[in-house]
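my_file_4.txt, holding compact mmCIF, C-alpha atoms:
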```
# COMPACT_ATOMS: atom_id res chain seq x y z
CA MET A 979 -28.66 -30.38 95.81
CA THR A 980 -26.78 -33.31 97.18
CA PHE A 981 -23.04 -33.79 97.15
CA LYS A 982 -23.49 -36.41 94.45
CA THR A 983 -25.31 -33.86 92.29
CA PHE A 984 -22.36 -31.49 92.58
CA ILE A 985 -20.02 -34.33 91.62
CA THR A 986 -21.99 -35.20 88.50
CA ALA A 987 -22.04 -31.59 87.39
CA SER A 988 -18.30 -31.22 87.85
CA LEU A 989 -17.49 -34.32 85.84
CA PHE A 990 -19.32 -32.96 82.84
CA GLY A 991 -17.80 -29.55 82.46
CA LEU A 992 -17.38 -27.53 85.64
CA VAL A 993 -13.87 -28.64 86.52
CA SER A 994 -11.13 -26.31 85.40
CA VAL A 995 -7.63 -27.76 85.42
CA ASN A 996 -4.71 -25.72 86.76
CA SER A 997 -1.61 -25.23 84.67
CA TYR A 998 0.47 -25.63 87.83
CA SER A 999 0.85 -28.02 90.72
CA ALA A 1000 0.86 -26.74 94.30
CA THR A 1001 2.38 -28.28 97.40
CA VAL A 1002 1.07 -26.85 100.66
CA ASP A 1003 1.71 -27.02 104.39
CA ILE A 1004 -1.40 -26.59 106.50
CA SER A 1005 -1.84 -25.89 110.20
CA ILE A 1006 -5.27 -25.97 111.87
CA THR A 1007 -5.76 -24.53 115.36
CA ASN A 1008 -8.84 -25.13 117.50
CA LEU A 1009 -9.78 -21.68 118.83
CA THR A 1010 -12.59 -22.77 121.15
CA GLN A 1011 -12.60 -23.00 124.93
CA GLY A 1012 -14.22 -26.42 125.31
CA ILE A 1013 -15.12 -27.92 121.92
CA TYR A 1014 -13.19 -30.81 120.37
CA PHE A 1015 -12.79 -31.47 116.63
CA THR A 1016 -13.27 -35.06 115.49
CA PRO A 1017 -10.75 -36.43 112.93
CA LEU A 1018 -10.18 -33.75 110.31
CA LEU A 1019 -10.56 -34.14 106.56
CA ILE A 1020 -8.40 -31.94 104.33
CA SER A 1021 -9.20 -32.34 100.63
CA ALA A 1022 -7.90 -30.89 97.39
CA HIS A 1023 -10.49 -31.20 94.63
CA GLY A 1024 -12.08 -29.72 91.54
CA ASP A 1025 -15.06 -27.40 91.26
CA VAL A 1026 -17.38 -29.19 93.70
CA HIS A 1027 -18.70 -28.48 97.20
CA LEU A 1028 -18.37 -30.87 100.09
CA PHE A 1029 -20.91 -28.63 101.78
CA GLU A 1030 -22.73 -25.47 100.77
CA LEU A 1031 -24.67 -22.96 102.83
CA GLY A 1032 -28.40 -23.06 102.13
CA SER A 1033 -28.28 -26.54 100.56
CA THR A 1034 -29.43 -29.85 101.97
CA ALA A 1035 -26.61 -31.89 103.47
CA SER A 1036 -25.51 -34.93 101.50
CA PRO A 1037 -25.52 -38.35 103.21
CA GLU A 1038 -21.72 -38.13 103.37
CA LEU A 1039 -21.86 -34.74 105.08
CA GLN A 1040 -24.55 -35.96 107.47
CA ALA A 1041 -22.39 -38.92 108.52
CA MET A 1042 -19.50 -36.56 109.26
CA ALA A 1043 -21.58 -33.91 111.05
CA GLU A 1044 -23.55 -36.33 113.26
CA GLY A 1045 -20.91 -38.96 113.97
CA GLY A 1046 -17.51 -37.71 112.81
CA ASP A 1047 -17.28 -40.24 109.97
CA ILE A 1048 -15.19 -38.67 107.19
CA SER A 1049 -14.82 -41.83 105.09
CA GLY A 1050 -17.73 -41.10 102.76
CA LEU A 1051 -16.52 -37.61 101.92
CA ALA A 1052 -12.96 -38.83 101.43
CA SER A 1053 -14.14 -41.59 99.09
CA ALA A 1054 -16.21 -39.16 97.04
CA VAL A 1055 -13.23 -36.81 96.65
CA SER A 1056 -11.01 -39.71 95.62
CA ALA A 1057 -13.56 -40.86 93.03
CA LEU A 1058 -13.28 -37.45 91.39
CA GLY A 1059 -9.50 -37.64 91.18
CA GLY A 1060 -8.94 -35.42 94.20
CA SER A 1061 -6.73 -36.21 97.17
CA SER A 1062 -7.15 -35.97 100.92
CA VAL A 1063 -5.29 -35.99 104.19
CA GLU A 1064 -7.36 -37.80 106.81
CA ASN A 1065 -7.00 -37.35 110.57
CA PRO A 1066 -3.80 -35.25 110.73
CA ALA A 1067 -4.22 -34.84 114.50
CA ALA A 1068 -4.24 -38.65 114.96
CA GLY A 1069 -7.51 -38.40 116.86
CA LEU A 1070 -9.44 -35.53 118.40
CA LEU A 1071 -8.11 -31.98 118.16
CA ALA A 1072 -8.48 -30.51 121.64
CA PRO A 1073 -9.25 -26.86 122.42
CA GLY A 1074 -6.16 -24.72 121.86
CA SER A 1075 -4.32 -27.48 119.99
CA THR A 1076 -2.90 -27.42 116.46
CA ALA A 1077 -2.74 -30.12 113.79
CA MET A 1078 -0.14 -29.94 111.03
CA THR A 1079 -0.08 -31.36 107.51
CA MET A 1080 3.25 -31.03 105.74
CA SER A 1081 3.95 -31.12 102.01
CA PHE A 1082 0.43 -31.97 100.86
CA ASP A 1083 0.62 -32.32 97.08
CA THR A 1084 -2.65 -30.91 95.73
CA GLY A 1085 -1.71 -31.85 92.18
CA ASP A 1086 -3.70 -29.93 89.59
CA GLN A 1087 -6.73 -29.50 91.89
CA LYS A 1088 -7.82 -25.90 92.32
CA TYR A 1089 -9.79 -26.01 95.57
CA LEU A 1090 -9.23 -26.88 99.21
CA SER A 1091 -11.86 -27.95 101.74
CA ILE A 1092 -11.55 -28.78 105.46
CA LEU A 1093 -14.17 -30.43 107.68
CA ALA A 1094 -14.57 -31.98 111.12
CA MET A 1095 -17.44 -32.55 113.51
CA LEU A 1096 -17.62 -30.51 116.71
CA LEU A 1097 -18.07 -32.31 120.04
CA PRO A 1098 -20.22 -31.98 122.03
CA THR A 1099 -22.81 -30.98 119.40
CA ASN A 1100 -25.60 -32.83 117.63
CA ASP A 1101 -24.61 -32.05 114.03
CA GLY A 1102 -22.21 -29.14 114.20
CA PHE A 1103 -19.01 -29.00 112.18
CA VAL A 1104 -16.11 -26.71 111.37
CA GLY A 1105 -15.70 -26.16 107.66
CA LEU A 1106 -13.82 -24.55 104.80
CA ASP A 1107 -15.80 -24.73 101.56
CA ALA A 1108 -13.91 -24.97 98.27
CA TRP A 1109 -11.27 -22.30 98.96
CA SER A 1110 -9.35 -21.41 95.81
CA ILE A 1111 -5.70 -22.42 96.23
CA PRO A 1112 -3.52 -19.41 95.34
CA GLU A 1113 -0.94 -19.67 92.59
CA GLN A 1114 1.37 -17.25 94.40
CA PRO A 1115 3.63 -18.87 97.01
CA GLY A 1116 3.26 -17.55 100.54
CA ASP A 1117 1.38 -17.86 103.80
CA TYR A 1118 -2.40 -17.45 103.82
CA THR A 1119 -4.38 -17.18 107.06
CA LEU A 1120 -8.04 -18.23 107.19
CA TYR A 1121 -10.58 -18.24 110.03
CA LEU A 1122 -13.29 -20.90 109.91
CA ASN A 1123 -16.85 -20.81 111.23
CA ALA A 1124 -18.96 -23.52 112.82
CA TYR A 1125 -21.88 -24.79 110.75
CA ASP A 1126 -25.02 -26.80 111.47
CA ALA A 1127 -25.76 -29.58 108.98
CA GLY A 1128 -29.51 -29.15 109.56
CA THR A 1129 -29.96 -32.91 109.75
CA GLU A 1130 -30.66 -33.35 113.46
CA VAL A 1131 -32.47 -31.49 116.23
CA ASN A 1132 -30.03 -29.74 118.58
CA ASP A 1133 -31.35 -31.36 121.73
CA GLU A 1134 -27.91 -31.24 123.44
CA ILE A 1135 -28.39 -34.65 125.04
CA VAL A 1136 -25.21 -36.75 125.31
CA ASN A 1137 -26.42 -40.32 124.83
CA GLY A 1138 -23.84 -42.06 122.65
CA GLY A 1139 -25.79 -41.36 119.45
CA GLY A 1140 -23.94 -40.59 116.26
CA ALA A 1141 -25.33 -42.80 113.54
CA PRO A 1142 -27.19 -40.76 110.90
CA GLY A 1143 -30.78 -40.29 111.95
CA THR A 1144 -30.11 -41.27 115.58
CA PRO A 1145 -30.84 -38.36 117.95
CA GLY A 1146 -28.29 -37.23 120.48
CA ILE A 1147 -24.63 -36.34 120.87
CA PRO A 1148 -22.08 -39.16 120.55
CA ALA A 1149 -19.83 -38.01 123.40
CA ASN A 1150 -18.43 -35.16 125.44
CA PRO A 1151 -14.67 -35.78 125.20
CA GLY A 1152 -13.85 -33.37 128.01
CA ALA A 1153 -16.17 -35.19 130.43
CA ASN A 1154 -17.07 -31.77 131.80
CA GLY A 1155 -20.80 -31.51 131.19
CA GLY A 1156 -23.98 -32.68 132.84
CA MET A 1157 -26.38 -35.60 132.52
CA ASN A 1158 -30.07 -36.40 132.55
CA GLY A 1159 -30.96 -33.47 130.32
CA THR A 1160 -34.53 -33.30 129.09
CA GLY A 1161 -33.61 -31.70 125.77
CA VAL A 1162 -33.19 -28.09 124.70
CA THR A 1163 -35.59 -28.40 121.76
CA THR A 1164 -37.54 -30.92 119.72
CA ILE A 1165 -37.70 -28.80 116.55
CA GLU A 1166 -35.12 -27.88 113.92
CA ASN A 1167 -36.50 -24.97 111.90
CA ASN A 1168 -33.69 -24.79 109.35
CA ASN A 1169 -33.05 -28.12 107.61
CA SER A 1170 -30.34 -26.77 105.29
CA VAL A 1171 -26.68 -26.22 106.09
CA HIS A 1172 -26.43 -22.98 108.05
CA ILE A 1173 -24.31 -21.06 110.53
CA HIS A 1174 -24.49 -22.84 113.88
CA ARG A 1175 -26.22 -20.93 116.65
CA GLY A 1176 -23.76 -22.37 119.19
CA ASN A 1177 -24.58 -24.58 122.13
CA ILE A 1178 -27.08 -23.20 124.62
CA GLY A 1179 -26.23 -25.42 127.57
CA ASP A 1180 -27.07 -24.90 131.23
CA THR A 1181 -25.26 -25.12 134.57
CA ASP A 1182 -27.20 -28.02 136.08
CA ALA A 1183 -24.83 -30.99 136.18
CA ALA A 1184 -27.53 -33.41 137.35
CA GLY A 1185 -30.40 -32.43 135.08
CA GLY A 1186 -31.81 -29.37 133.36
CA ALA A 1187 -32.48 -29.12 129.65
CA SER A 1188 -28.96 -29.72 128.34
CA ASP A 1189 -26.05 -32.07 128.98
CA VAL A 1190 -23.53 -29.44 127.88
CA ASP A 1191 -22.20 -26.78 130.22
CA ALA A 1192 -23.02 -23.19 129.23
CA ARG A 1193 -19.82 -22.02 130.93
CA ILE A 1194 -17.60 -24.30 128.85
CA HIS A 1195 -19.25 -25.39 125.61
CA ARG A 1196 -20.65 -22.18 124.18
CA TRP A 1197 -18.71 -20.42 121.42
CA LEU A 1198 -18.68 -17.52 119.02
CA ASN A 1199 -17.30 -17.75 115.50
CA PRO A 1200 -14.64 -18.25 114.30
CA VAL A 1201 -13.77 -21.62 115.82
CA ALA A 1202 -10.57 -22.43 113.90
CA LYS A 1203 -7.52 -20.69 112.49
CA VAL A 1204 -5.91 -22.17 109.39
CA ILE A 1205 -2.55 -21.21 107.92
CA VAL A 1206 -1.91 -22.47 104.39
CA THR A 1207 1.65 -22.18 103.12
CA VAL A 1208 1.80 -22.47 99.34
CA LYS A 1209 5.26 -23.53 98.21
```
Starting from the file, lay out its structure as structure tokens.
Amino acid sequence: MTFKTFITASLFGLVSVNSYSATVDISITNLTQGIYFTPLLISAHGDVHLFELGSTASPELQAMAEGGDISGLASAVSALGGSSVENPAAGLLAPGSTAMTMSFDTGDQKYLSILAMLLPTNDGFVGLDAWSIPEQPGDYTLYLNAYDAGTEVNDEIVNGGGAPGTPGIPANPGANGGMNGTGVTTIENNNSVHIHRGNIGDTDAAGGASDVDARIHRWLNPVAKVIVTVK
């Protein structure tokens, strides 16, 4: 199912309206050693999925996961009557850094989603999928995994790519990898959204299979810590 399919279904009967309105503060911390998050998208919405494990990525998700472009997802949420905070970190969220969103009015929307591309990866992203916003005020701590959109082969070659369907990694923001990689693989066996295997990398700065450094750019889940304060 595509994202647009989910949207159509929600418009004709799946959306359940809250009897309350929630205002939330949100902090997002990058837990990785050497991975950057592209501009984050935080969305409050109805009973839809911006991504879903085991499903084919929508064009909007593909654009975000391969190139960090959140505009399509944000527009789709807005078209449904949802609301979003875009790019709360005012750029990339570096390893160990935290982005804050204060007093986000979620209105009568019941669900919260968070997404951002991971760099350097081919189509990896950090995600929170349609988390039910609690009615009870308080602090809620969530840990987010890294996902693979399944739309691009994880060749781990940094070549300035990033447009949907264009192989390669757009950039390595830390400038701490290699170059002239031949490619880790030419095959992607799972074409649906799935848990990311993590970068493989190597330690050859002048060649090898990968342009990412195995000592810096590998990770284990979770990759982000989120604290949601419901007021």
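Distances from A:Gly1116, A:Gly1069, A:Gly1012, A:Pro1200 to A:Asn1150 were compared using only C-alpha atoms, and the smallest one belongs to A:Gly1012.
The closest residue to A:Asp1107, picked from A:Ala1184, A:Ala1054, A:Ile1020, A:Leu1071 and counting all atoms listed in the file, is A:Ile1020.
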Is there a way to get, as an mmCIF file with C-alpha atoms, keeping the file's coordinate frame, all residues within 7 Å of the point (1.1, -27.3, 112.6) in file coordinates, counting only C-alpha atoms?
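The resulting file, out.cif, is reproduced below:
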```cif
data_model
loop_
_atom_site.group_PDB
_atom_site.id
_atom_site.type_symbol
_atom_site.label_atom_id
_atom_site.label_comp_id
_atom_site.auth_asym_id
_atom_site.auth_seq_id
_atom_site.Cartn_x
_atom_site.Cartn_y
_atom_site.Cartn_z
ATOM 1 C CA ILE A 1004 -1.400 -26.590 106.500
ATOM 2 C CA SER A 1005 -1.840 -25.890 110.200
ATOM 3 C CA ILE A 1006 -5.270 -25.970 111.870
ATOM 4 C CA THR A 1076 -2.900 -27.420 116.460
ATOM 5 C CA ALA A 1077 -2.740 -30.120 113.790
ATOM 6 C CA MET A 1078 -0.140 -29.940 111.030
ATOM 7 C CA THR A 1079 -0.080 -31.360 107.510
#
```
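Proximity to A:Ala1072 was assessed for A:Ile1048, A:Leu1018, A:Ile1205, A:Ala1057 counting all atoms listed in the file; the smallest distance is recorded for A:Leu1018.
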Near A:Asn1169, counting only C-alpha atoms, which residues have an atom at most 12 Å away, once you skip same-chain residues fewer than 2 positions from it, shown as an MDAnalysis selection string?
chainID A and resid 1031:1036 1040 1101 1126:1132 1165:1167 1171:1174
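Minimum distance to A:Pro1073 across A:Asp1189, A:Thr1007, A:Asp1133, A:Leu1198 (counting all atoms listed in the file) occurs at A:Thr1007.
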The residue from A:Leu1051, A:Ile1111, A:Met1157, A:Ala1183 with the smallest atom-to-atom distance to A:Lys1209, counting only C-alpha atoms, is A:Ile1111
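Distances from A:Asn1154, A:Thr1099, A:Thr1207, A:Thr1001 to A:Asn1177 were compared using all atoms listed in the file, and the smallest one belongs to A:Thr1099.
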Exercise on stretch 1139-1153 of chain A, axis-aligned box with 5 Å per side, report centre and edge lengths in Å to one decimal, as JSON:
```
{"center_x": -22.3, "center_y": -38.1, "center_z": 120.7, "size_x": 27.0, "size_y": 19.4, "size_z": 29.5}
```
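Between atom CA of A:His1195 and atom CA of A:Ile1013 the interatomic distance comes to 6.1 Å.
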